[in-house]
>>> print(open('start.csv').read())   # CSV, C-alpha atoms and all ligand atoms
chain,number,residue,atom,x,y,z
K,1,MET,CA,30.7,102.4,-70.0
K,2,ASN,CA,27.1,102.2,-71.2
K,3,VAL,CA,25.8,105.5,-70.2
K,4,LYS,CA,22.1,104.8,-71.0
K,5,GLU,CA,22.2,101.7,-68.8
K,6,GLN,CA,23.9,103.6,-66.0
K,7,PHE,CA,21.3,106.4,-66.3
K,8,LYS,CA,18.6,103.7,-65.8
K,9,ASN,CA,20.5,102.2,-62.8
K,10,ILE,CA,20.7,105.6,-61.1
K,11,PHE,CA,17.4,107.2,-61.9
K,12,GLY,CA,15.2,104.1,-62.4
K,13,TYR,CA,13.9,104.9,-65.9
K,14,ASP,CA,15.2,105.3,-69.5
K,15,ALA,CA,17.4,108.2,-70.6
K,16,GLY,CA,15.8,110.3,-73.4
K,17,HIS,CA,19.0,111.5,-75.1
K,18,VAL,CA,22.8,111.0,-75.1
K,19,TYR,CA,25.4,113.6,-76.0
K,20,PHE,CA,29.2,113.7,-76.2
K,21,ALA,CA,31.8,116.5,-76.0
K,22,PRO,CA,35.5,115.8,-76.5
K,23,GLY,CA,38.6,117.0,-74.6
K,24,ARG,CA,41.4,118.5,-76.6
K,25,VAL,CA,45.1,118.6,-77.1
K,26,ASN,CA,46.8,121.7,-78.3
K,27,LEU,CA,49.6,121.1,-80.8
K,28,ILE,CA,51.1,124.5,-80.4
K,29,GLY,CA,50.2,128.1,-79.4
K,30,GLU,CA,50.2,127.9,-75.6
K,31,HIS,CA,49.2,130.8,-73.4
K,32,VAL,CA,48.4,132.9,-76.3
K,33,ASP,CA,44.6,132.4,-76.5
K,34,TYR,CA,43.9,135.3,-74.1
K,35,ASN,CA,46.4,137.4,-76.0
K,36,GLY,CA,44.7,137.3,-79.3
K,37,GLY,CA,47.1,134.8,-80.7
K,38,MET,CA,46.9,131.8,-83.1
K,39,VAL,CA,46.4,128.3,-81.6
K,40,LEU,CA,46.3,124.8,-83.1
K,41,PRO,CA,44.2,122.5,-81.0
K,42,CYS,CA,42.6,119.2,-81.9
K,43,ALA,CA,39.5,117.6,-80.4
K,44,LEU,CA,40.1,114.1,-79.0
K,45,THR,CA,38.0,110.9,-79.1
K,46,ILE,CA,37.9,111.0,-75.3
K,47,GLY,CA,35.6,113.4,-73.5
K,48,THR,CA,32.4,113.7,-71.5
K,49,TYR,CA,29.2,111.8,-72.1
K,50,GLY,CA,25.8,113.0,-70.8
K,51,ALA,CA,22.6,111.0,-70.7
K,52,ILE,CA,19.6,113.2,-70.0
K,53,SER,CA,15.8,113.2,-69.6
K,54,LEU,CA,13.7,116.2,-69.0
K,55,ARG,CA,11.4,116.4,-66.0
K,56,GLU,CA,8.0,118.0,-65.6
K,57,ASP,CA,9.1,120.1,-62.6
K,58,ASP,CA,11.9,122.5,-61.9
K,59,LYS,CA,14.2,119.9,-60.2
K,60,ILE,CA,17.6,118.8,-61.4
K,61,ARG,CA,19.2,115.5,-60.3
K,62,LEU,CA,22.8,114.9,-61.3
K,63,TYR,CA,25.0,111.9,-61.0
K,64,SER,CA,28.6,111.8,-62.2
K,65,GLU,CA,30.5,108.5,-62.6
K,66,ASN,CA,33.7,110.5,-62.0
K,67,PHE,CA,32.5,111.8,-58.6
K,68,LYS,CA,30.6,108.7,-57.4
K,69,ASP,CA,31.2,109.6,-53.8
K,70,GLU,CA,29.1,112.6,-54.1
K,71,GLY,CA,26.1,110.5,-55.0
K,72,VAL,CA,23.0,112.1,-56.6
K,73,ILE,CA,23.2,115.9,-56.4
K,74,HIS,CA,19.9,117.8,-56.1
K,75,LEU,CA,19.6,121.3,-57.6
K,76,THR,CA,16.7,123.3,-59.0
K,77,LEU,CA,16.6,125.6,-62.1
K,78,LYS,CA,17.0,128.5,-59.7
K,79,SER,CA,20.1,127.2,-57.8
K,80,ASN,CA,22.7,129.9,-57.9
K,81,GLU,CA,25.1,129.3,-55.0
K,82,LEU,CA,28.5,127.9,-56.2
K,83,GLU,CA,29.6,125.1,-54.0
K,84,ASN,CA,33.0,124.2,-55.3
K,85,GLY,CA,31.9,121.0,-57.0
K,86,TYR,CA,31.8,119.8,-60.6
K,87,TYR,CA,28.1,120.8,-60.6
K,88,ASP,CA,29.1,124.5,-60.3
K,89,TYR,CA,29.4,124.5,-64.0
K,90,ILE,CA,25.7,123.7,-64.3
K,91,ILE,CA,24.8,126.4,-61.8
K,92,ALA,CA,27.0,128.8,-63.8
K,93,LEU,CA,25.4,127.8,-67.1
K,94,LEU,CA,21.8,128.2,-65.7
K,95,ALA,CA,22.7,131.6,-64.3
K,96,LEU,CA,24.2,132.8,-67.6
K,97,LEU,CA,21.2,131.5,-69.6
K,98,ARG,CA,18.8,133.3,-67.2
K,99,LYS,CA,20.8,136.5,-67.4
K,100,ASN,CA,20.7,136.4,-71.2
K,101,GLY,CA,17.0,135.7,-71.4
K,102,TYR,CA,17.1,132.0,-72.4
K,103,GLU,CA,14.5,130.0,-70.5
K,104,VAL,CA,15.3,126.5,-69.4
K,105,ALA,CA,11.7,125.5,-69.1
K,106,LYS,CA,12.0,122.2,-67.3
K,107,GLY,CA,14.2,120.4,-64.8
K,108,PHE,CA,16.1,117.3,-65.8
K,109,ASP,CA,17.9,114.2,-64.7
K,110,LEU,CA,21.5,114.0,-66.0
K,111,TYR,CA,24.0,111.2,-65.8
K,112,LEU,CA,27.6,112.2,-66.6
K,113,TYR,CA,30.6,110.1,-67.5
K,114,GLY,CA,34.0,111.4,-68.6
K,115,ASN,CA,37.0,109.4,-69.7
K,116,ILE,CA,39.5,112.2,-69.7
K,117,PRO,CA,41.8,111.7,-66.7
K,118,ASN,CA,41.0,114.5,-64.2
K,119,GLY,CA,43.6,117.2,-63.9
K,120,SER,CA,45.5,116.0,-66.9
K,121,GLY,CA,45.2,119.2,-68.8
K,122,LEU,CA,43.2,117.6,-71.6
K,123,SER,CA,40.3,119.9,-70.8
K,124,SER,CA,37.8,117.8,-68.9
K,125,SER,CA,36.1,120.9,-67.7
K,126,ALA,CA,35.8,122.5,-71.2
K,127,SER,CA,34.3,119.3,-72.4
K,128,LEU,CA,31.8,119.3,-69.6
K,129,THR,CA,30.7,123.0,-70.2
K,130,VAL,CA,30.5,122.5,-73.9
K,131,LEU,CA,28.4,119.3,-73.4
K,132,LEU,CA,26.0,121.1,-71.1
K,133,GLY,CA,25.6,124.2,-73.4
K,134,TYR,CA,25.0,122.0,-76.4
K,135,LEU,CA,22.5,119.7,-74.8
K,136,LEU,CA,20.4,122.5,-73.3
K,137,SER,CA,20.5,124.5,-76.6
K,138,ASP,CA,19.4,121.4,-78.4
K,139,LEU,CA,16.6,120.3,-76.0
K,140,PHE,CA,15.2,123.8,-75.4
K,141,GLY,CA,15.6,125.1,-79.0
K,142,PHE,CA,18.0,128.0,-78.2
K,143,GLY,CA,19.6,127.6,-81.7
K,144,PHE,CA,23.1,128.3,-80.5
K,145,SER,CA,25.9,128.0,-83.1
K,146,LYS,CA,28.9,125.9,-82.2
K,147,VAL,CA,30.9,129.2,-81.8
K,148,ASP,CA,28.2,130.4,-79.4
K,149,ILE,CA,28.5,127.1,-77.5
K,150,ALA,CA,32.3,127.6,-77.2
K,151,ARG,CA,31.8,131.2,-75.9
K,152,LEU,CA,29.2,130.0,-73.4
K,153,GLY,CA,31.5,127.3,-72.1
K,154,GLN,CA,34.3,129.8,-71.6
K,155,ALA,CA,31.8,132.1,-69.8
K,156,CYS,CA,31.0,129.3,-67.4
K,157,GLU,CA,34.6,128.9,-66.5
K,158,HIS,CA,34.9,132.7,-65.9
K,159,TYR,CA,31.8,132.5,-63.7
K,160,VAL,CA,33.5,129.9,-61.5
K,161,GLY,CA,36.7,131.9,-61.3
K,162,VAL,CA,39.0,130.7,-64.0
K,163,ASN,CA,39.9,133.5,-66.4
K,164,CYS,CA,40.7,131.1,-69.3
K,165,GLY,CA,40.8,131.8,-73.0
K,166,ILE,CA,38.5,130.3,-75.7
K,167,MET,CA,40.8,127.6,-77.1
K,168,ASP,CA,39.7,124.6,-75.1
K,169,HIS,CA,36.0,125.2,-75.6
K,170,PHE,CA,36.4,126.0,-79.3
K,171,ALA,CA,38.2,122.7,-79.9
K,172,SER,CA,35.6,120.8,-77.9
K,173,SER,CA,32.8,122.4,-79.8
K,174,LEU,CA,34.2,122.6,-83.3
K,175,GLY,CA,36.8,119.8,-83.6
K,176,ASN,CA,37.0,117.8,-86.7
K,177,ASP,CA,38.3,114.3,-87.5
K,178,ASN,CA,41.9,114.1,-88.4
K,179,SER,CA,42.3,117.9,-88.3
K,180,ALA,CA,43.6,120.6,-86.0
K,181,ILE,CA,41.8,123.9,-85.8
K,182,TYR,CA,43.9,126.8,-86.9
K,183,LEU,CA,42.2,129.5,-84.9
K,184,ASN,CA,42.7,133.2,-84.5
K,185,THR,CA,41.6,133.7,-80.9
K,186,ASN,CA,41.1,137.5,-81.5
K,187,THR,CA,38.7,137.3,-84.5
K,188,LEU,CA,37.6,133.7,-84.0
K,189,LYS,CA,38.2,133.0,-87.7
K,190,TYR,CA,39.4,129.5,-88.2
K,191,SER,CA,40.2,126.8,-90.7
K,192,TYR,CA,40.9,123.1,-90.4
K,193,VAL,CA,44.4,121.8,-91.0
K,194,PRO,CA,44.8,118.1,-91.9
K,195,VAL,CA,47.0,116.4,-89.4
K,196,ASP,CA,49.3,113.6,-90.7
K,197,PHE,CA,52.3,112.8,-88.6
K,198,LYS,CA,53.4,110.2,-91.2
K,199,ASP,CA,56.1,107.9,-89.5
K,200,TYR,CA,55.6,109.7,-86.2
K,201,GLN,CA,53.2,109.1,-83.4
K,202,LEU,CA,51.8,111.9,-81.2
K,203,VAL,CA,52.4,110.7,-77.7
K,204,VAL,CA,50.6,112.3,-74.8
K,205,ALA,CA,52.4,111.9,-71.5
K,206,ASN,CA,50.7,112.7,-68.2
K,207,THR,CA,53.0,113.9,-65.3
K,208,ASN,CA,50.3,112.6,-62.9
K,209,LYS,CA,50.8,115.8,-60.9
K,210,LYS,CA,47.4,116.9,-59.9
K,211,ARG,CA,46.5,120.5,-60.3
K,212,LYS,CA,43.5,122.7,-60.7
K,213,LEU,CA,43.6,125.8,-62.9
K,214,THR,CA,42.1,127.8,-60.0
K,215,ASP,CA,45.1,126.8,-57.9
K,216,SER,CA,47.7,127.6,-60.5
K,217,LYS,CA,49.3,130.9,-61.4
K,218,TYR,CA,47.1,131.0,-64.5
K,219,ASN,CA,45.2,134.1,-63.5
K,220,GLU,CA,48.4,135.8,-62.4
K,221,ARG,CA,50.0,135.2,-65.9
K,222,ARG,CA,46.9,136.6,-67.5
K,223,ALA,CA,47.1,139.7,-65.3
K,224,GLU,CA,50.8,140.2,-66.2
K,225,CYS,CA,49.8,140.2,-69.9
K,226,ASP,CA,46.9,142.6,-69.4
K,227,LYS,CA,49.2,145.0,-67.5
K,228,SER,CA,51.8,144.8,-70.3
K,229,LEU,CA,49.2,145.4,-72.9
K,230,GLU,CA,47.9,148.5,-71.2
K,231,ILE,CA,51.4,150.0,-71.2
K,232,LEU,CA,52.2,149.0,-74.8
K,233,LYS,CA,48.9,150.3,-76.2
K,234,ASN,CA,50.2,153.8,-75.5
K,235,HIS,CA,53.1,153.1,-78.0
K,236,PHE,CA,51.8,150.7,-80.6
K,237,ASN,CA,48.6,150.5,-82.5
K,238,ILE,CA,47.5,147.2,-81.1
K,239,GLU,CA,44.4,145.5,-79.7
K,240,THR,CA,46.2,142.4,-78.3
K,241,LEU,CA,49.7,141.4,-77.4
K,242,CYS,CA,49.8,139.1,-80.4
K,243,ASP,CA,49.3,142.0,-82.8
K,244,LEU,CA,53.0,142.7,-82.0
K,245,LYS,CA,55.6,141.3,-84.3
K,246,VAL,CA,58.9,139.6,-83.4
K,247,MET,CA,60.8,142.6,-84.7
K,248,ASP,CA,58.9,144.9,-82.2
K,249,LEU,CA,60.4,143.1,-79.2
K,250,GLU,CA,63.5,145.2,-78.9
K,251,LYS,CA,61.3,148.3,-78.5
K,252,VAL,CA,59.0,146.5,-76.2
K,253,GLU,CA,61.8,145.6,-73.9
K,254,GLU,CA,62.8,149.3,-73.6
K,255,LEU,CA,59.3,150.5,-73.1
K,256,LEU,CA,58.3,147.9,-70.4
K,257,ASP,CA,61.6,148.2,-68.6
K,258,ASP,CA,60.6,145.2,-66.5
K,259,ASP,CA,62.2,141.9,-67.1
K,260,VAL,CA,59.3,139.7,-66.0
K,261,LEU,CA,56.7,141.6,-68.0
K,262,PHE,CA,59.0,141.6,-71.0
K,263,ARG,CA,59.5,137.8,-70.9
K,264,ARG,CA,55.8,137.2,-70.8
K,265,VAL,CA,55.3,139.4,-73.9
K,266,LYS,CA,58.2,137.8,-75.6
K,267,HIS,CA,56.8,134.4,-75.1
K,268,ALA,CA,53.4,135.4,-76.5
K,269,VAL,CA,54.8,137.1,-79.5
K,270,LYS,CA,57.2,134.4,-80.4
K,271,GLU,CA,54.8,131.6,-79.7
K,272,ASN,CA,52.3,133.2,-82.0
K,273,ASP,CA,54.9,133.2,-84.7
K,274,ARG,CA,55.7,129.6,-84.1
K,275,VAL,CA,52.1,128.5,-84.7
K,276,LEU,CA,52.4,129.7,-88.2
K,277,LYS,CA,55.8,128.1,-88.7
K,278,PHE,CA,54.6,124.8,-87.2
K,279,SER,CA,51.5,124.8,-89.4
K,280,ARG,CA,53.5,125.3,-92.5
K,281,ALA,CA,56.0,122.6,-91.6
K,282,LEU,CA,53.1,120.2,-90.9
K,283,ALA,CA,51.4,121.1,-94.3
K,284,GLU,CA,54.7,120.5,-96.1
K,285,GLY,CA,55.2,117.2,-94.3
K,286,ASP,CA,58.4,118.5,-92.7
K,287,LEU,CA,58.0,116.8,-89.4
K,288,GLU,CA,61.6,117.4,-88.2
K,289,SER,CA,61.0,121.2,-88.3
K,290,ALA,CA,57.6,120.8,-86.7
K,291,GLY,CA,59.2,118.8,-83.9
K,292,LYS,CA,61.8,121.5,-83.4
K,293,TYR,CA,59.1,124.2,-83.0
K,294,LEU,CA,57.5,122.0,-80.3
K,295,THR,CA,60.7,122.0,-78.3
K,296,GLU,CA,61.2,125.7,-78.8
K,297,SER,CA,57.7,126.3,-77.5
K,298,HIS,CA,58.5,124.3,-74.4
K,299,GLU,CA,61.8,126.2,-73.8
K,300,SER,CA,59.9,129.5,-74.1
K,301,LEU,CA,57.2,128.3,-71.6
K,302,ARG,CA,59.9,127.3,-69.2
K,303,LYS,CA,62.3,130.3,-69.4
K,304,ASP,CA,60.1,133.2,-70.3
K,305,TYR,CA,56.6,132.3,-69.3
K,306,GLU,CA,57.5,130.2,-66.3
K,307,VAL,CA,54.6,127.8,-66.2
K,308,ILE,CA,56.4,124.5,-66.2
K,309,GLY,CA,57.6,123.1,-62.9
K,310,ILE,CA,59.9,120.1,-62.2
K,311,GLU,CA,57.5,117.4,-63.2
K,312,LEU,CA,56.7,118.7,-66.7
K,313,ASP,CA,60.3,119.7,-67.3
K,314,THR,CA,61.7,116.3,-66.2
K,315,LEU,CA,59.2,114.5,-68.4
K,316,VAL,CA,59.8,116.6,-71.5
K,317,ASN,CA,63.6,116.2,-71.1
K,318,ALA,CA,63.3,112.5,-70.5
K,319,LEU,CA,61.4,112.2,-73.8
K,320,LEU,CA,63.7,114.4,-75.7
K,321,VAL,CA,66.9,112.6,-74.8
K,322,GLN,CA,65.6,109.4,-76.4
K,323,GLU,CA,66.5,108.5,-79.9
K,324,GLY,CA,63.3,108.7,-82.0
K,325,THR,CA,61.8,111.8,-80.3
K,326,ILE,CA,61.9,114.8,-82.7
K,327,GLY,CA,60.1,117.3,-80.4
K,328,ALA,CA,58.3,117.6,-77.1
K,329,ARG,CA,56.6,120.2,-75.0
K,330,MET,CA,54.1,120.8,-72.2
K,331,VAL,CA,50.5,121.4,-73.2
K,332,GLY,CA,47.7,123.3,-71.6
K,333,ALA,CA,48.0,125.6,-68.6
K,334,GLY,CA,51.2,124.1,-67.2
K,335,PHE,CA,52.3,123.5,-63.6
K,336,GLY,CA,51.5,119.8,-64.1
K,337,GLY,CA,49.1,118.0,-66.5
K,338,CYS,CA,50.4,116.6,-69.8
K,339,ALA,CA,53.2,117.0,-72.3
K,340,ILE,CA,53.2,115.9,-75.9
K,341,ALA,CA,56.0,114.4,-78.0
K,342,LEU,CA,56.5,113.4,-81.6
K,343,VAL,CA,58.1,110.0,-81.6
K,344,HIS,CA,59.1,107.8,-84.5
K,345,LYS,CA,56.6,104.9,-84.6
K,346,ASP,CA,59.4,102.3,-84.4
K,347,SER,CA,60.7,103.9,-81.2
K,348,VAL,CA,57.5,104.5,-79.2
K,349,SER,CA,57.8,101.6,-76.9
K,350,SER,CA,61.4,102.1,-76.0
K,351,VAL,CA,61.1,105.9,-75.7
K,352,THR,CA,58.1,105.6,-73.3
K,353,LYS,CA,59.7,102.9,-71.3
K,354,PHE,CA,63.0,104.7,-70.7
K,355,ALA,CA,61.4,108.1,-70.3
K,356,SER,CA,59.1,106.5,-67.7
K,357,ASN,CA,62.1,105.1,-65.8
K,358,ILE,CA,64.0,108.4,-65.8
K,359,TYR,CA,60.9,110.3,-64.7
K,360,GLU,CA,60.0,107.9,-61.9
K,361,SER,CA,63.6,107.9,-60.5
K,362,ILE,CA,63.6,111.7,-60.2
K,363,ILE,CA,60.0,112.5,-59.3
K,364,GLY,CA,59.1,109.4,-57.3
K,365,TYR,CA,56.0,108.2,-59.3
K,366,ALA,CA,55.4,107.1,-62.8
K,367,PRO,CA,53.9,109.1,-65.7
K,368,THR,CA,51.1,107.7,-67.9
K,369,PHE,CA,51.2,107.6,-71.7
K,370,TYR,CA,48.2,107.9,-74.0
K,371,TYR,CA,48.0,107.3,-77.7
K,372,VAL,CA,45.2,109.7,-78.5
K,373,GLU,CA,43.1,110.0,-81.6
K,374,ILE,CA,41.8,113.1,-83.1
K,375,GLY,CA,38.0,113.2,-82.9
K,376,THR,CA,35.0,115.3,-83.7
K,377,GLY,CA,33.4,118.2,-81.8
K,378,VAL,CA,30.3,118.0,-79.5
K,379,HIS,CA,27.4,116.0,-80.9
K,380,LYS,CA,24.3,114.1,-80.1
K,381,ILE,CA,24.8,110.3,-80.0
K,382,SER,CA,21.2,109.2,-79.7
H,401,LIG,C1,44.2,126.4,-70.4
H,401,LIG,C2,43.1,127.4,-70.7
H,401,LIG,C3,43.2,127.8,-72.2
H,401,LIG,C4,44.7,128.2,-72.6
H,401,LIG,C5,45.7,127.2,-72.0
H,401,LIG,C6,47.1,127.7,-72.2
H,401,LIG,O1,44.0,125.2,-71.0
H,401,LIG,O2,41.9,126.9,-70.5
H,401,LIG,O3,42.3,128.8,-72.5
H,401,LIG,O4,44.9,129.5,-72.1
H,401,LIG,O5,45.5,126.9,-70.7
H,401,LIG,O6,47.4,127.8,-73.6
>>> encode(input="start.csv", output="structure tokens")
Amino acid sequence: MNVKEQFKNIFGYDAGHVYFAPGRVNLIGEHVDYNGGMVLPCALTIGTYGAISLREDDKIRLYSENFKDEGVIHLTLKSNELENGYYDYIIALLALLRKNGYEVAKGFDLYLYGNIPNGSGLSSSASLTVLLGYLLSDLFGFGFSKVDIARLGQACEHYVGVNCGIMDHFASSLGNDNSAIYLNTNTLKYSYVPVDFKDYQLVVANTNKKRKLTDSKYNERRAECDKSLEILKNHFNIETLCDLKVMDLEKVEELLDDDVLFRRVKHAVKENDRVLKFSRALAEGDLESAGKYLTESHESLRKDYEVIGIELDTLVNALLVQEGTIGARMVGAGFGGCAIALVHKDSVSSVTKFASNIYESIIGYAPTFYYVEIGTGVHKIS
């Protein structure tokens, strides 16, 4: 897709600037980023492109290749009613900037194109919010750092009603080629971890079950964690659930005296621990162990955190039973979207073929496989 050409086709003149923000895949550390845990996401080479030109008035015209049916959307710098469209993120961003004293001095025409499959759980919305924050900061000289951009992206999602953590926006903003980000979601301290899967291929498998975070039980899980934290703070010197250690869990179970809340906390604490173990295994080139931690993560998300659903579970199992797969798990929020698997390079085509057949025979439609590459965070293209 030539976004500059498309801009011209839609708006009738040349685009001034083109920007790109990637989607992400999280290797491990799921549902811990709102519990102060460690995560290990990578930015991808797929994401959202934006071609933009500033106007001399306060009007905004938007066109998204992914929502063609909606045609050109007309807003102004003062628009503040959410309308349940992709452009709500722009309305949210403008409202947040106004509130914090940043003046978007001119309107603009913006053409958007994203090549992340919608609803796949590879963070198309994070890439959109990061793209928007970055381009407005760049064009109006706000001087935001990439961490600020990640925070702003997360704030946009909260504004539209998704109480998500910072992981997706952080990855989209600060991603680095061939690396995962080892991020402490409590302190936002991070480092880059080289990713080399050697003889294995990271396979991303889409269940093709459509879901929206706002429809899912995401906010419910978060509330369960917040409730547990409130109780546990009276007994432990902790700021977040992931300040707890695996050895604290026995006491936690007694104190909570509630099976559901306990299982949520158990997942968070053990998953946090697994991120460290996985990262070590990856650094040592011990991919068999890394794969094992992926599968353990999936089991914990299924049994204790309960965010899987039949589609994800069927897909992960269909991948795991094939020779050549050393680990697999769901990624992202859950309830649909994608899974990842580490598959020996020699077996990728047979594993995906047979897993696809099993999945389709049980679920009724086929999954899609992607061979993603790790890419770099948000940047200006021209
Ligand atoms: C979604 C959210 C993230 C994170 C994951 C689960 O992708 O946007 O903040 O909570 O789910 O790990």
>>> residues_near_ligand(input="start.csv", ligand="ligand LIG 401 (chain H)", cutoff="7 Å", atoms="all atoms listed in the file", output="list in words")
Gly29, Glu30, His31, Val32, Asp33, Tyr34, Gly121, Ser123, Cys164, Gly165, Ile166, Met167, Asp168, Gly332 and Ala333 of chain K
>>> residues_around(input="start.csv", residues="Arg263 (chain K)", least_positions_apart="2", cutoff="12 Å", atoms="all atoms listed in the file", output="list of chain:residue names")
K:Arg221, K:Glu224, K:Cys225, K:Ser228, K:Leu249, K:Glu250, K:Val252, K:Glu253, K:Leu256, K:Asp257, K:Asp258, K:Asp259, K:Val260, K:Leu261, K:Val265, K:Lys266, K:His267, K:Ala268, K:Val269, K:Lys270, K:Glu271, K:Ser300, K:Leu301, K:Arg302, K:Lys303, K:Asp304, K:Tyr305, K:Glu306
>>> closest_residue(input="start.csv", among="K:Asn206, K:Ser173, K:Asn184, K:Thr45", to="Leu276 (chain K)", atoms="all atoms listed in the file")
K:Asn184
>>> closest_residue(input="start.csv", among="K:Ser79, K:Asn237, K:Asn219, K:Asn84", to="Asn163 (chain K)", atoms="only C-alpha atoms")
K:Asn219
>>> residues_around(input="start.csv", residues="Thr187 (chain K)", least_positions_apart="5", cutoff="12 Å", atoms="all atoms listed in the file", output="list in words")
Asp33, Tyr34, Asn35, Gly36, Gly37, Met38, Val147, Ile166, Tyr182, Glu239, Thr240, Cys242 and Asp243 of chain K
>>> write_last_selection(input="start.csv", atoms="C-alpha atoms", output="short mmCIF file (atom, residue, chain, number, x, y, z; two decimals), in the coordinates of the input")
data_model
loop_
_atom_site.label_atom_id
_atom_site.label_comp_id
_atom_site.auth_asym_id
_atom_site.auth_seq_id
_atom_site.Cartn_x
_atom_site.Cartn_y
_atom_site.Cartn_z
CA ASP K 33 44.60 132.40 -76.50
CA TYR K 34 43.90 135.30 -74.10
CA ASN K 35 46.40 137.40 -76.00
CA GLY K 36 44.70 137.30 -79.30
CA GLY K 37 47.10 134.80 -80.70
CA MET K 38 46.90 131.80 -83.10
CA VAL K 147 30.90 129.20 -81.80
CA ILE K 166 38.50 130.30 -75.70
CA TYR K 182 43.90 126.80 -86.90
CA GLU K 239 44.40 145.50 -79.70
CA THR K 240 46.20 142.40 -78.30
CA CYS K 242 49.80 139.10 -80.40
CA ASP K 243 49.30 142.00 -82.80
#
>>> residues_around(input="start.csv", residues="region 91-98 of chain K", least_positions_apart="4", cutoff="6 Å", atoms="only C-alpha atoms", output="PyMOL selection string")
chain K and resi 80+102+156
>>> atom_distance(input="start.csv", atom1="CA of Ile46 (chain K)", atom2="CA of Ile116 (chain K)")
5.9 Å
>>> closest_atom_pairs(input="start.csv", of="region 305-335 of chain K", to="region 361-366 of chain K", cutoff="10 Å", atoms="only C-alpha atoms", output="CSV")
residue,atom,partner,partner_atom,distance
K:Ile310,CA,K:Ile363,CA,8.1
K:Glu311,CA,K:Ile363,CA,6.7
K:Thr314,CA,K:Ile362,CA,7.8
K:Leu315,CA,K:Ile363,CA,9.4
>>> closest_residue(input="start.csv", among="K:Ala155, K:Val18, K:Leu202, K:Leu320", to="Lys345 (chain K)", atoms="all atoms listed in the file")
K:Leu202
>>> atom_distance(input="start.csv", atom1="CA of Phe11 (chain K)", atom2="CA of Ile52 (chain K)")
10.3 Å
>>> closest_residue(input="start.csv", among="K:Ala318, K:Lys146, K:Arg61, K:Gly324", to="Asn357 (chain K)", atoms="only C-alpha atoms")
K:Ala318
>>> atom_distance(input="start.csv", atom1="CA of Ile90 (chain K)", atom2="CA of Thr129 (chain K)")
7.8 Å
>>> residues_around(input="start.csv", residues="Leu139 (chain K)", least_positions_apart="6", cutoff="12 Å", atoms="only C-alpha atoms", output="number ranges by chain")
K: 16-19, 52-55, 103-108, 132-133, 380
>>> closest_residue(input="start.csv", among="K:Asn272, K:Glu220, K:Gly114, K:Glu56", to="Thr185 (chain K)", atoms="all atoms listed in the file")
K:Asn272
>>> closest_residue(input="start.csv", among="K:Tyr293, K:Tyr192, K:Phe67, K:Tyr89", to="Asn176 (chain K)", atoms="only C-alpha atoms")
K:Tyr192
>>> decode(input="start.csv", residues="region 341-349 of chain K", atoms="N, CA, C and O atoms", output="PDB file, in the first residue's frame")
ATOM      1  N   ALA K 341       3.691 -20.102  19.010  1.00  0.00           N
ATOM      2  CA  ALA K 341       4.310 -21.404  19.240  1.00  0.00           C
ATOM      3  C   ALA K 341       5.757 -21.334  18.781  1.00  0.00           C
ATOM      4  O   ALA K 341       6.090 -20.595  17.844  1.00  0.00           O
ATOM      5  N   LEU K 342       6.611 -22.082  19.448  1.00  0.00           N
ATOM      6  CA  LEU K 342       7.992 -22.248  18.981  1.00  0.00           C
ATOM      7  C   LEU K 342       8.061 -23.593  18.286  1.00  0.00           C
ATOM      8  O   LEU K 342       7.827 -24.637  18.908  1.00  0.00           O
ATOM      9  N   VAL K 343       8.343 -23.553  16.986  1.00  0.00           N
ATOM     10  CA  VAL K 343       8.274 -24.762  16.160  1.00  0.00           C
ATOM     11  C   VAL K 343       9.614 -24.935  15.437  1.00  0.00           C
ATOM     12  O   VAL K 343      10.167 -23.951  14.906  1.00  0.00           O
ATOM     13  N   HIS K 344      10.117 -26.149  15.428  1.00  0.00           N
ATOM     14  CA  HIS K 344      11.383 -26.400  14.726  1.00  0.00           C
ATOM     15  C   HIS K 344      11.221 -26.000  13.254  1.00  0.00           C
ATOM     16  O   HIS K 344      10.202 -26.321  12.630  1.00  0.00           O
ATOM     17  N   LYS K 345      12.243 -25.334  12.716  1.00  0.00           N
ATOM     18  CA  LYS K 345      12.124 -24.798  11.353  1.00  0.00           C
ATOM     19  C   LYS K 345      11.782 -25.874  10.329  1.00  0.00           C
ATOM     20  O   LYS K 345      11.037 -25.633   9.389  1.00  0.00           O
ATOM     21  N   ASP K 346      12.305 -27.092  10.536  1.00  0.00           N
ATOM     22  CA  ASP K 346      12.034 -28.173   9.570  1.00  0.00           C
ATOM     23  C   ASP K 346      10.588 -28.657   9.624  1.00  0.00           C
ATOM     24  O   ASP K 346      10.125 -29.355   8.728  1.00  0.00           O
ATOM     25  N   SER K 347       9.899 -28.346  10.736  1.00  0.00           N
ATOM     26  CA  SER K 347       8.547 -28.908  10.913  1.00  0.00           C
ATOM     27  C   SER K 347       7.436 -27.893  10.697  1.00  0.00           C
ATOM     28  O   SER K 347       6.251 -28.246  10.779  1.00  0.00           O
ATOM     29  N   VAL K 348       7.814 -26.615  10.445  1.00  0.00           N
ATOM     30  CA  VAL K 348       6.784 -25.569  10.425  1.00  0.00           C
ATOM     31  C   VAL K 348       5.641 -25.889   9.459  1.00  0.00           C
ATOM     32  O   VAL K 348       4.458 -25.775   9.816  1.00  0.00           O
ATOM     33  N   SER K 349       5.975 -26.359   8.267  1.00  0.00           N
ATOM     34  CA  SER K 349       4.870 -26.525   7.311  1.00  0.00           C
ATOM     35  C   SER K 349       3.969 -27.691   7.709  1.00  0.00           C
ATOM     36  O   SER K 349       2.741 -27.595   7.619  1.00  0.00           O
TER      37      SER K 349
END
